[in-house]
Amino acid sequence: MSKRWMTFGLASLLTLSLIAPLSSSTVLAASGFKDTARHWGAKAIEWAVDRHIVDGYEDGTFRPDRAVSEPEFLAMLLRAYPMQTGADANASPWYKPYYEIAGANRWTVLNQYEAAAYNRGAVARLITSTQQGTLNLNDSVAYLLNNGLSQGKTAATVEGYRASDALSRAEAVQFLMNMKSKVTQLKPAPAGQAGADKQNGAAAGSSGGSGDSSQVAAVSVRGIAVGDSAAQVTAKLGQPDRQDPSEYGFIWYIYNQDYASYAQIGIDGGKVVALYSPSDNWHTDRAIQDGAAKSTVERQYGEPLTYILKGNTRFMMNYGDGEYGSYEIGGDYVTFFYDVHRSDVVTGIQVIGGAAEKAMASFYPKGSEALRKAYELQSFDLANAARVKLGLPAFVWAEDAASTSRKHSSDMALRDYFDHTNPSGQSPFDRMKQDGIAYRAAAENIAAGQSSAIFAHHGWMNSAGHRANLLGETKRLGVGVAFGGKMKVYYTQNFYTP
């Protein structure tokens, strides 16, 4: 008989150096570079150097794996396709003429000048805008793949393209060689399309519900963005599998029929005001998607917020051991959740509209029976989304274990303690047996103080013992939540195999 439990305490509370132009006084043929002879990009490097698109360095190297900034790539692009307006060699800063050409043609650029702020997704959007106009990230990547302008990085798919990866010098010239074999000229984007992405998110913010806001939104989940209408949501995704209240007061549309693409869409007043996903079904306009490195997020968005100002009160942010980070992007509040057990990759994203966030004047929600039930079911759904994502079978809901869990959460709130063993000396397994649950294996997770089931879930997944229970071999899961007590909200998960 297997028994295991883990304790989980109070969660962390939400309480330019510009790179010079790619040129030097010494130019070497690719075959003469010290570091390209056996590099996969040697052919493209030689091609680009021969055409004076890019040069090497005075020390005889090309540095094929060095990251490229947006102005550097834009300069290379315009050397490959000289436009009528030539670049002024004496311009200050040196890249100004290239951005003037991009702006005049309404191409999609970030106007960010450091290599750390640029990636393969931004390249896809820029190249596509010179042929098709402004498209969203996935469509831009698909355009490159479908037209032979890229073979992807790990596979010829949108995911295999690796949009969030940095752009190297070798990759940059390979893109350009591919383009020159397929594309005869660069074209202006259609009139009315903005060429420059805002620095806080490409054309970031809401669409107001008109058109396809996922084309320009800072974040979209399953093609849905903040500002879309509820009608647009149901037209794309169908009717929700469940509607849950939230701690903010809006309603979550829960899409859990396919745990591999789980999503929560927040609706208020007929509009989308929030998004959440723990799955590989979202992206940002900065080419961040599920599985991106934490360092990539920080290169794109900088340091996370230290506080959110609501009225005259600062709600201080405490990210614990860096398990998540929140940003204000286009007036909305975006939180990236990281998986510390998978090298700090992004494993979920939450977007709360600015008005909804500012209207919540307390960290903890007002408890209700409906919210309790919502947190229980979401905790169950998120456990299954995590399991399916990692190739494991989903749990079966166990109402008997939920009842045991619920009673333990209520007891912790009522008697102001936080432990698997209650003041009467009963263990989780005593409580299960008392409730008539016969098991061959059992385990328990508890948490307290997290403002939502979402934060409780990600906290458990970043704790080795709790993660082991969530990803273990037990078959059934019941969840119980209670409001009150010193910690304000308590969560219990009981797992077992009959």
# chains A, B, ... in the order shown; residues from 1 in each chain; ligands from 1
$ residues_around --residues "Thr313 (chain A)" --least-positions-apart "6" --cutoff "12 Å" --atoms "only C-alpha atoms" --output "NGL selection string"
:A and (15 or 307 or 358 or 360-363)
$ select_by_dssp --residues "region 184-396 of chain A" --states "helix (DSSP H, G or I)" --output "ChimeraX atom specification"
/A:213-215,230-237,259-261,294-301,340-342,354-359,369-389
$ write_last_selection --atoms "N, CA and C atoms" --output "short mmCIF file (atom, residue, chain, number, x, y, z; two decimals), in the first residue's frame"
data_model
loop_
_atom_site.label_atom_id
_atom_site.label_comp_id
_atom_site.auth_asym_id
_atom_site.auth_seq_id
_atom_site.Cartn_x
_atom_site.Cartn_y
_atom_site.Cartn_z
N SER A 213 -8.55 40.34 -33.92
CA SER A 213 -7.56 41.01 -33.10
C SER A 213 -6.32 40.17 -32.89
N SER A 214 -6.40 38.84 -33.14
CA SER A 214 -5.22 38.03 -32.97
C SER A 214 -4.16 38.38 -33.99
N GLN A 215 -4.55 39.11 -35.06
CA GLN A 215 -3.56 39.56 -36.03
C GLN A 215 -2.59 40.55 -35.41
N ALA A 230 -17.72 38.13 -27.20
CA ALA A 230 -18.09 36.78 -26.79
C ALA A 230 -18.58 35.98 -28.00
N ALA A 231 -19.23 36.67 -28.94
CA ALA A 231 -19.71 36.00 -30.15
C ALA A 231 -18.55 35.48 -30.98
N GLN A 232 -17.47 36.26 -31.05
CA GLN A 232 -16.28 35.80 -31.77
C GLN A 232 -15.68 34.56 -31.11
N VAL A 233 -15.70 34.54 -29.78
CA VAL A 233 -15.15 33.40 -29.05
C VAL A 233 -15.92 32.13 -29.39
N THR A 234 -17.23 32.19 -29.28
CA THR A 234 -18.03 30.99 -29.53
C THR A 234 -18.02 30.61 -31.01
N ALA A 235 -17.87 31.60 -31.90
CA ALA A 235 -17.77 31.27 -33.32
C ALA A 235 -16.49 30.48 -33.61
N LYS A 236 -15.41 30.82 -32.91
CA LYS A 236 -14.13 30.14 -33.14
C LYS A 236 -14.01 28.84 -32.36
N LEU A 237 -14.43 28.88 -31.09
CA LEU A 237 -14.18 27.76 -30.20
C LEU A 237 -15.41 26.94 -29.86
N TYR A 259 -7.70 18.33 -23.34
CA TYR A 259 -6.74 18.84 -22.35
C TYR A 259 -5.42 19.25 -22.99
N ALA A 260 -5.15 18.80 -24.20
CA ALA A 260 -3.93 19.22 -24.89
C ALA A 260 -4.01 20.66 -25.35
N SER A 261 -5.22 21.22 -25.38
CA SER A 261 -5.38 22.61 -25.80
C SER A 261 -6.33 23.35 -24.86
N LYS A 294 12.79 31.29 -20.18
CA LYS A 294 12.58 32.47 -19.35
C LYS A 294 13.50 33.61 -19.78
N SER A 295 14.73 33.28 -20.14
CA SER A 295 15.67 34.31 -20.58
C SER A 295 15.19 35.00 -21.85
N THR A 296 14.48 34.27 -22.70
CA THR A 296 13.94 34.87 -23.92
C THR A 296 12.83 35.85 -23.58
N VAL A 297 11.96 35.49 -22.65
CA VAL A 297 10.91 36.42 -22.21
C VAL A 297 11.54 37.69 -21.68
N GLU A 298 12.57 37.55 -20.86
CA GLU A 298 13.18 38.73 -20.26
C GLU A 298 13.95 39.55 -21.27
N ARG A 299 14.49 38.91 -22.32
CA ARG A 299 15.11 39.68 -23.38
C ARG A 299 14.06 40.51 -24.13
N GLN A 300 12.89 39.91 -24.33
CA GLN A 300 11.85 40.59 -25.09
C GLN A 300 11.12 41.66 -24.29
N TYR A 301 10.89 41.40 -23.00
CA TYR A 301 10.04 42.29 -22.21
C TYR A 301 10.76 42.96 -21.04
N VAL A 340 10.26 25.29 -13.32
CA VAL A 340 11.64 25.23 -12.83
C VAL A 340 12.24 23.84 -13.01
N HIS A 341 11.41 22.84 -13.22
CA HIS A 341 11.90 21.47 -13.40
C HIS A 341 12.19 21.16 -14.87
N ARG A 342 11.92 22.11 -15.75
CA ARG A 342 12.27 21.96 -17.16
C ARG A 342 13.06 23.19 -17.63
N GLY A 354 -6.57 45.43 -18.23
CA GLY A 354 -6.19 46.48 -17.29
C GLY A 354 -7.32 46.91 -16.38
N ALA A 355 -8.53 47.10 -16.94
CA ALA A 355 -9.67 47.54 -16.13
C ALA A 355 -10.04 46.51 -15.08
N ALA A 356 -10.02 45.23 -15.47
CA ALA A 356 -10.37 44.16 -14.53
C ALA A 356 -9.35 44.09 -13.39
N GLU A 357 -8.07 44.20 -13.73
CA GLU A 357 -7.03 44.14 -12.70
C GLU A 357 -7.13 45.32 -11.75
N LYS A 358 -7.30 46.51 -12.29
CA LYS A 358 -7.34 47.71 -11.44
C LYS A 358 -8.58 47.72 -10.54
N ALA A 359 -9.65 47.06 -11.00
CA ALA A 359 -10.90 47.05 -10.22
C ALA A 359 -10.85 46.11 -9.03
N GLU A 369 -19.77 30.01 -2.62
CA GLU A 369 -19.94 28.61 -2.96
C GLU A 369 -19.61 28.37 -4.44
N ALA A 370 -20.02 29.31 -5.30
CA ALA A 370 -19.76 29.16 -6.73
C ALA A 370 -18.27 29.24 -7.02
N LEU A 371 -17.56 30.16 -6.34
CA LEU A 371 -16.13 30.29 -6.58
C LEU A 371 -15.37 29.08 -6.03
N ARG A 372 -15.84 28.57 -4.89
CA ARG A 372 -15.22 27.36 -4.34
C ARG A 372 -15.28 26.23 -5.35
N LYS A 373 -16.45 26.00 -5.90
CA LYS A 373 -16.63 24.93 -6.87
C LYS A 373 -15.78 25.17 -8.11
N ALA A 374 -15.71 26.43 -8.56
CA ALA A 374 -14.91 26.77 -9.74
C ALA A 374 -13.44 26.43 -9.51
N TYR A 375 -12.91 26.81 -8.34
CA TYR A 375 -11.51 26.53 -8.04
C TYR A 375 -11.24 25.03 -7.98
N GLU A 376 -12.18 24.27 -7.44
CA GLU A 376 -12.00 22.82 -7.36
C GLU A 376 -11.92 22.21 -8.76
N LEU A 377 -12.86 22.59 -9.63
CA LEU A 377 -12.89 22.01 -10.96
C LEU A 377 -11.71 22.48 -11.81
N GLN A 378 -11.31 23.74 -11.63
CA GLN A 378 -10.14 24.23 -12.37
C GLN A 378 -8.87 23.52 -11.92
N SER A 379 -8.74 23.28 -10.63
CA SER A 379 -7.57 22.57 -10.13
C SER A 379 -7.49 21.18 -10.75
N PHE A 380 -8.61 20.52 -10.85
CA PHE A 380 -8.67 19.21 -11.49
C PHE A 380 -8.30 19.31 -12.97
N ASP A 381 -8.88 20.28 -13.68
CA ASP A 381 -8.59 20.46 -15.10
C ASP A 381 -7.11 20.76 -15.34
N LEU A 382 -6.54 21.61 -14.51
CA LEU A 382 -5.14 21.99 -14.70
C LEU A 382 -4.20 20.81 -14.43
N ALA A 383 -4.55 19.98 -13.46
CA ALA A 383 -3.77 18.76 -13.23
C ALA A 383 -3.77 17.89 -14.48
N ASN A 384 -4.93 17.75 -15.10
CA ASN A 384 -5.02 16.92 -16.29
C ASN A 384 -4.34 17.56 -17.49
N ALA A 385 -4.43 18.88 -17.62
CA ALA A 385 -3.74 19.56 -18.71
C ALA A 385 -2.23 19.35 -18.59
N ALA A 386 -1.72 19.41 -17.35
CA ALA A 386 -0.29 19.20 -17.13
C ALA A 386 0.11 17.76 -17.47
N ARG A 387 -0.71 16.80 -17.09
CA ARG A 387 -0.41 15.40 -17.36
C ARG A 387 -0.42 15.11 -18.87
N VAL A 388 -1.44 15.57 -19.54
CA VAL A 388 -1.55 15.32 -20.98
C VAL A 388 -0.40 15.98 -21.73
N LYS A 389 -0.03 17.18 -21.29
CA LYS A 389 1.08 17.89 -21.91
C LYS A 389 2.37 17.08 -21.84
#
$ residues_around --residues "Asn422 (chain A)" --least-positions-apart "2" --cutoff "12 Å" --atoms "only C-alpha atoms" --output "PyMOL selection string"
chain A and resi 407-420+424-431
$ write_last_selection --atoms "C-alpha atoms" --output "PDB file, in the first residue's frame"
ATOM      1  CA  LYS A 407     -13.561  18.716   4.704  1.00  0.00           C
ATOM      2  CA  HIS A 408      -9.821  18.991   5.307  1.00  0.00           C
ATOM      3  CA  SER A 409      -9.602  22.435   3.663  1.00  0.00           C
ATOM      4  CA  SER A 410     -12.566  23.628   5.725  1.00  0.00           C
ATOM      5  CA  ASP A 411     -11.020  22.214   8.903  1.00  0.00           C
ATOM      6  CA  MET A 412      -7.723  24.022   8.248  1.00  0.00           C
ATOM      7  CA  ALA A 413      -9.591  27.295   7.706  1.00  0.00           C
ATOM      8  CA  LEU A 414     -11.803  26.809  10.781  1.00  0.00           C
ATOM      9  CA  ARG A 415      -9.085  25.712  13.217  1.00  0.00           C
ATOM     10  CA  ASP A 416      -6.314  27.917  11.743  1.00  0.00           C
ATOM     11  CA  TYR A 417      -3.666  25.286  11.023  1.00  0.00           C
ATOM     12  CA  PHE A 418      -1.861  24.160   7.903  1.00  0.00           C
ATOM     13  CA  ASP A 419      -0.788  20.538   7.915  1.00  0.00           C
ATOM     14  CA  HIS A 420      -1.604  17.124   6.513  1.00  0.00           C
ATOM     15  CA  SER A 424      -6.937  15.384  16.196  1.00  0.00           C
ATOM     16  CA  GLY A 425      -3.960  13.421  14.893  1.00  0.00           C
ATOM     17  CA  GLN A 426      -5.614  12.147  11.720  1.00  0.00           C
ATOM     18  CA  SER A 427      -3.480  11.718   8.609  1.00  0.00           C
ATOM     19  CA  PRO A 428      -4.824  12.024   5.046  1.00  0.00           C
ATOM     20  CA  PHE A 429      -5.081   8.254   4.917  1.00  0.00           C
ATOM     21  CA  ASP A 430      -7.028   8.123   8.176  1.00  0.00           C
ATOM     22  CA  ARG A 431      -9.480  10.625   6.714  1.00  0.00           C
TER      23      ARG A 431
END
$ closest_residue --among "A:Ala117, A:Ala37, A:Leu144, A:Ile127" --to "Thr61 (chain A)" --atoms "only C-alpha atoms"
A:Ala37
$ closest_residue --among "A:Asn138, A:Ser150, A:Thr306, A:Asn111" --to "Asn281 (chain A)" --atoms "only C-alpha atoms"
A:Asn138
$ atom_distance --atom1 "CA of Ile254 (chain A)" --atom2 "CA of Ile288 (chain A)"
23.1 Å
$ residues_around --residues "region 465-478 of chain A" --least-positions-apart "2" --cutoff "6 Å" --atoms "only C-alpha atoms" --output "ChimeraX atom specification"
/A:6,395-399,401-402,460-461,463,493-497
$ residues_around --residues "Ser451 (chain A)" --least-positions-apart "5" --cutoff "8 Å" --atoms "only C-alpha atoms" --output "number ranges by chain"
A: 247, 363-365, 456, 489
$ write_last_selection --atoms "N, CA, C and O atoms" --output "PDB file, in the first residue's frame"
ATOM      1  N   GLU A 247     -12.167  35.286  -9.533  1.00  0.00           N
ATOM      2  CA  GLU A 247     -11.911  36.169  -8.403  1.00  0.00           C
ATOM      3  C   GLU A 247     -12.065  37.639  -8.785  1.00  0.00           C
ATOM      4  O   GLU A 247     -12.235  38.503  -7.930  1.00  0.00           O
ATOM      5  N   PHE A 363      -6.141  41.540  -2.666  1.00  0.00           N
ATOM      6  CA  PHE A 363      -5.442  40.393  -3.230  1.00  0.00           C
ATOM      7  C   PHE A 363      -6.322  39.151  -3.192  1.00  0.00           C
ATOM      8  O   PHE A 363      -6.341  38.359  -4.123  1.00  0.00           O
ATOM      9  N   TYR A 364      -7.080  38.983  -2.104  1.00  0.00           N
ATOM     10  CA  TYR A 364      -7.896  37.792  -1.955  1.00  0.00           C
ATOM     11  C   TYR A 364      -9.329  38.052  -2.393  1.00  0.00           C
ATOM     12  O   TYR A 364      -9.901  39.104  -2.093  1.00  0.00           O
ATOM     13  N   PRO A 365      -9.933  37.104  -3.085  1.00  0.00           N
ATOM     14  CA  PRO A 365     -11.327  37.278  -3.504  1.00  0.00           C
ATOM     15  C   PRO A 365     -12.291  37.056  -2.346  1.00  0.00           C
ATOM     16  O   PRO A 365     -11.931  36.447  -1.325  1.00  0.00           O
ATOM     17  N   ALA A 456      -2.209  28.306  -7.502  1.00  0.00           N
ATOM     18  CA  ALA A 456      -1.959  27.121  -6.666  1.00  0.00           C
ATOM     19  C   ALA A 456      -1.386  25.995  -7.514  1.00  0.00           C
ATOM     20  O   ALA A 456      -0.437  25.317  -7.114  1.00  0.00           O
ATOM     21  N   VAL A 489      -7.602  31.272   1.906  1.00  0.00           N
ATOM     22  CA  VAL A 489      -8.123  30.226   1.032  1.00  0.00           C
ATOM     23  C   VAL A 489      -7.207  29.009   1.141  1.00  0.00           C
ATOM     24  O   VAL A 489      -5.980  29.138   1.187  1.00  0.00           O
TER      25      VAL A 489
END
$ select_by_dssp --residues "region 39-255 of chain A" --states "strand (DSSP E or B)" --output "PDB file with N, CA and C atoms, in the first residue's frame"
ATOM      1  N   ALA A  67      24.285  36.548 -32.214  1.00  0.00           N
ATOM      2  CA  ALA A  67      22.914  37.026 -32.387  1.00  0.00           C
ATOM      3  C   ALA A  67      22.886  38.307 -33.203  1.00  0.00           C
ATOM      4  N   VAL A 109       8.101  46.108 -38.125  1.00  0.00           N
ATOM      5  CA  VAL A 109       9.337  46.157 -37.363  1.00  0.00           C
ATOM      6  C   VAL A 109       9.025  46.494 -35.915  1.00  0.00           C
ATOM      7  N   SER A 168      20.610  34.103 -35.493  1.00  0.00           N
ATOM      8  CA  SER A 168      22.064  34.138 -35.627  1.00  0.00           C
ATOM      9  C   SER A 168      22.456  34.741 -36.969  1.00  0.00           C
ATOM     10  N   ALA A 196       5.165  49.680 -37.789  1.00  0.00           N
ATOM     11  CA  ALA A 196       5.999  49.514 -36.597  1.00  0.00           C
ATOM     12  C   ALA A 196       5.191  48.948 -35.458  1.00  0.00           C
ATOM     13  N   LYS A 198       4.454  48.452 -31.608  1.00  0.00           N
ATOM     14  CA  LYS A 198       4.729  49.222 -30.399  1.00  0.00           C
ATOM     15  C   LYS A 198       5.722  48.467 -29.541  1.00  0.00           C
ATOM     16  N   GLY A 201       4.492  45.776 -27.225  1.00  0.00           N
ATOM     17  CA  GLY A 201       3.714  44.707 -27.851  1.00  0.00           C
ATOM     18  C   GLY A 201       3.236  45.160 -29.198  1.00  0.00           C
ATOM     19  N   VAL A 219      -1.081  39.299 -27.108  1.00  0.00           N
ATOM     20  CA  VAL A 219      -1.191  37.879 -26.761  1.00  0.00           C
ATOM     21  C   VAL A 219      -2.485  37.341 -27.346  1.00  0.00           C
ATOM     22  N   SER A 220      -2.437  36.161 -27.913  1.00  0.00           N
ATOM     23  CA  SER A 220      -3.672  35.492 -28.321  1.00  0.00           C
ATOM     24  C   SER A 220      -3.610  34.034 -27.889  1.00  0.00           C
ATOM     25  N   VAL A 221      -4.738  33.531 -27.437  1.00  0.00           N
ATOM     26  CA  VAL A 221      -4.886  32.133 -27.010  1.00  0.00           C
ATOM     27  C   VAL A 221      -5.929  31.486 -27.911  1.00  0.00           C
ATOM     28  N   ILE A 224      -7.809  33.887 -29.899  1.00  0.00           N
ATOM     29  CA  ILE A 224      -8.660  34.842 -29.192  1.00  0.00           C
ATOM     30  C   ILE A 224      -7.782  35.849 -28.455  1.00  0.00           C
ATOM     31  N   SER A 229     -15.159  39.905 -29.047  1.00  0.00           N
ATOM     32  CA  SER A 229     -16.509  39.758 -28.505  1.00  0.00           C
ATOM     33  C   SER A 229     -16.755  38.316 -28.090  1.00  0.00           C
ATOM     34  N   ARG A 242     -17.873  24.742 -19.763  1.00  0.00           N
ATOM     35  CA  ARG A 242     -18.344  25.159 -18.440  1.00  0.00           C
ATOM     36  C   ARG A 242     -18.142  26.662 -18.329  1.00  0.00           C
ATOM     37  N   GLN A 243     -18.939  27.321 -17.494  1.00  0.00           N
ATOM     38  CA  GLN A 243     -18.735  28.729 -17.196  1.00  0.00           C
ATOM     39  C   GLN A 243     -18.494  28.875 -15.699  1.00  0.00           C
ATOM     40  N   ASP A 244     -17.331  29.414 -15.338  1.00  0.00           N
ATOM     41  CA  ASP A 244     -16.929  29.544 -13.940  1.00  0.00           C
ATOM     42  C   ASP A 244     -16.820  31.007 -13.544  1.00  0.00           C
ATOM     43  N   PRO A 245     -17.223  31.339 -12.320  1.00  0.00           N
ATOM     44  CA  PRO A 245     -16.922  32.688 -11.825  1.00  0.00           C
ATOM     45  C   PRO A 245     -15.419  32.816 -11.588  1.00  0.00           C
ATOM     46  N   ILE A 251     -16.591  36.187 -15.893  1.00  0.00           N
ATOM     47  CA  ILE A 251     -16.868  34.765 -16.056  1.00  0.00           C
ATOM     48  C   ILE A 251     -15.805  34.134 -16.941  1.00  0.00           C
ATOM     49  N   TRP A 252     -15.250  33.014 -16.469  1.00  0.00           N
ATOM     50  CA  TRP A 252     -14.336  32.243 -17.303  1.00  0.00           C
ATOM     51  C   TRP A 252     -15.138  31.290 -18.189  1.00  0.00           C
ATOM     52  N   TYR A 253     -14.947  31.362 -19.499  1.00  0.00           N
ATOM     53  CA  TYR A 253     -15.405  30.301 -20.383  1.00  0.00           C
ATOM     54  C   TYR A 253     -14.330  29.223 -20.342  1.00  0.00           C
ATOM     55  N   ILE A 254     -14.689  28.019 -19.903  1.00  0.00           N
ATOM     56  CA  ILE A 254     -13.730  26.930 -19.751  1.00  0.00           C
ATOM     57  C   ILE A 254     -13.815  26.003 -20.961  1.00  0.00           C
ATOM     58  N   TYR A 255     -12.693  25.800 -21.630  1.00  0.00           N
ATOM     59  CA  TYR A 255     -12.610  24.876 -22.762  1.00  0.00           C
ATOM     60  C   TYR A 255     -11.688  23.729 -22.361  1.00  0.00           C
TER      61      TYR A 255
END
$ residues_around --residues "Gly353 (chain A)" --least-positions-apart "2" --cutoff "12 Å" --atoms "only C-alpha atoms" --output "PyMOL selection string"
chain A and resi 205-206+218-219+225-228+248+250+265-268+271-276+327-335+350-351+355-360
$ residues_around --residues "Arg79 (chain A)" --least-positions-apart "4" --cutoff "10 Å" --atoms "only C-alpha atoms" --output "tab-separated table (two decimals) with all heavy atoms, in the first residue's frame"
chain	number	residue	atom	x	y	z
A	48	ALA	N	26.50	35.50	-49.22
A	48	ALA	CA	26.19	36.85	-48.75
A	48	ALA	C	27.42	37.75	-48.77
A	48	ALA	O	27.33	38.94	-49.12
A	48	ALA	CB	25.62	36.77	-47.33
A	51	ARG	N	28.31	39.05	-52.21
A	51	ARG	CA	27.39	40.08	-52.70
A	51	ARG	C	27.39	41.33	-51.83
A	51	ARG	O	26.53	42.19	-51.98
A	51	ARG	CB	25.98	39.48	-52.80
A	51	ARG	CG	25.86	38.49	-53.97
A	51	ARG	CD	24.71	37.52	-53.81
A	51	ARG	NE	24.62	36.61	-54.96
A	51	ARG	CZ	25.43	35.57	-55.15
A	51	ARG	NH1	26.36	35.31	-54.25
A	51	ARG	NH2	25.31	34.81	-56.22
A	52	HIS	N	28.32	41.39	-50.90
A	52	HIS	CA	28.49	42.57	-50.04
A	52	HIS	C	27.24	42.86	-49.21
A	52	HIS	O	26.93	44.01	-48.90
A	52	HIS	CB	28.88	43.80	-50.87
A	52	HIS	CG	30.10	43.56	-51.70
A	52	HIS	ND1	31.35	43.45	-51.15
A	52	HIS	CD2	30.24	43.39	-53.06
A	52	HIS	CE1	32.24	43.23	-52.12
A	52	HIS	NE2	31.58	43.18	-53.29
A	53	ILE	N	26.52	41.79	-48.86
A	53	ILE	CA	25.36	41.93	-47.98
A	53	ILE	C	25.81	42.00	-46.53
A	53	ILE	O	25.22	42.70	-45.71
A	53	ILE	CB	24.39	40.74	-48.20
A	53	ILE	CG1	23.78	40.82	-49.62
A	53	ILE	CG2	23.29	40.73	-47.15
A	53	ILE	CD1	23.00	39.58	-50.01
A	54	VAL	N	26.88	41.30	-46.23
A	54	VAL	CA	27.42	41.27	-44.88
A	54	VAL	C	28.92	41.01	-44.97
A	54	VAL	O	29.39	40.40	-45.95
A	54	VAL	CB	26.71	40.19	-44.03
A	54	VAL	CG1	26.97	38.81	-44.58
A	54	VAL	CG2	27.11	40.27	-42.57
A	73	PHE	N	19.64	43.12	-39.25
A	73	PHE	CA	18.95	42.31	-40.25
A	73	PHE	C	18.28	43.19	-41.30
A	73	PHE	O	18.29	42.88	-42.50
A	73	PHE	CB	17.92	41.38	-39.61
A	73	PHE	CG	17.26	40.48	-40.62
A	73	PHE	CD1	17.95	39.40	-41.15
A	73	PHE	CD2	15.97	40.74	-41.06
A	73	PHE	CE1	17.36	38.58	-42.11
A	73	PHE	CE2	15.38	39.92	-42.02
A	73	PHE	CZ	16.08	38.84	-42.54
A	74	LEU	N	17.70	44.30	-40.86
A	74	LEU	CA	17.05	45.21	-41.80
A	74	LEU	C	18.07	45.75	-42.79
A	74	LEU	O	17.79	45.86	-44.00
A	74	LEU	CB	16.38	46.35	-41.02
A	74	LEU	CG	15.48	47.30	-41.79
A	74	LEU	CD1	14.37	46.55	-42.52
A	74	LEU	CD2	14.88	48.32	-40.83
A	75	ALA	N	19.27	46.08	-42.31
A	75	ALA	CA	20.33	46.56	-43.20
A	75	ALA	C	20.71	45.48	-44.22
A	75	ALA	O	20.88	45.77	-45.42
A	75	ALA	CB	21.55	46.99	-42.39
A	83	MET	N	16.74	49.42	-52.43
A	83	MET	CA	15.57	50.23	-52.76
A	83	MET	C	16.04	51.53	-53.40
A	83	MET	O	17.21	51.89	-53.35
A	83	MET	CB	14.75	50.51	-51.51
A	83	MET	CG	14.34	49.27	-50.71
A	83	MET	SD	13.08	48.27	-51.52
A	83	MET	CE	11.62	49.23	-51.18
A	86	GLY	N	18.51	55.21	-51.02
A	86	GLY	CA	19.73	54.59	-50.52
A	86	GLY	C	20.01	55.01	-49.09
A	86	GLY	O	19.53	56.04	-48.62
A	87	ALA	N	20.80	54.21	-48.39
A	87	ALA	CA	21.17	54.52	-47.01
A	87	ALA	C	22.27	55.56	-46.99
A	87	ALA	O	23.23	55.50	-47.75
A	87	ALA	CB	21.63	53.26	-46.30
A	98	TYR	N	17.47	52.98	-42.84
A	98	TYR	CA	16.83	51.68	-43.06
A	98	TYR	C	15.44	51.67	-42.45
A	98	TYR	O	14.49	51.13	-43.05
A	98	TYR	CB	17.69	50.56	-42.46
A	98	TYR	CG	19.07	50.48	-43.05
A	98	TYR	CD1	20.20	50.80	-42.30
A	98	TYR	CD2	19.26	50.10	-44.38
A	98	TYR	CE1	21.48	50.72	-42.84
A	98	TYR	CE2	20.53	50.01	-44.93
A	98	TYR	CZ	21.64	50.34	-44.16
A	98	TYR	OH	22.89	50.26	-44.71
$ closest_residue --among "A:Lys180, A:Arg440, A:Lys366, A:Lys43" --to "Leu77 (chain A)" --atoms "only C-alpha atoms"
A:Lys180
$ closest_residue --among "A:Gly223, A:Pro240, A:Pro393, A:Gly133" --to "Ala189 (chain A)" --atoms "only C-alpha atoms"
A:Gly133
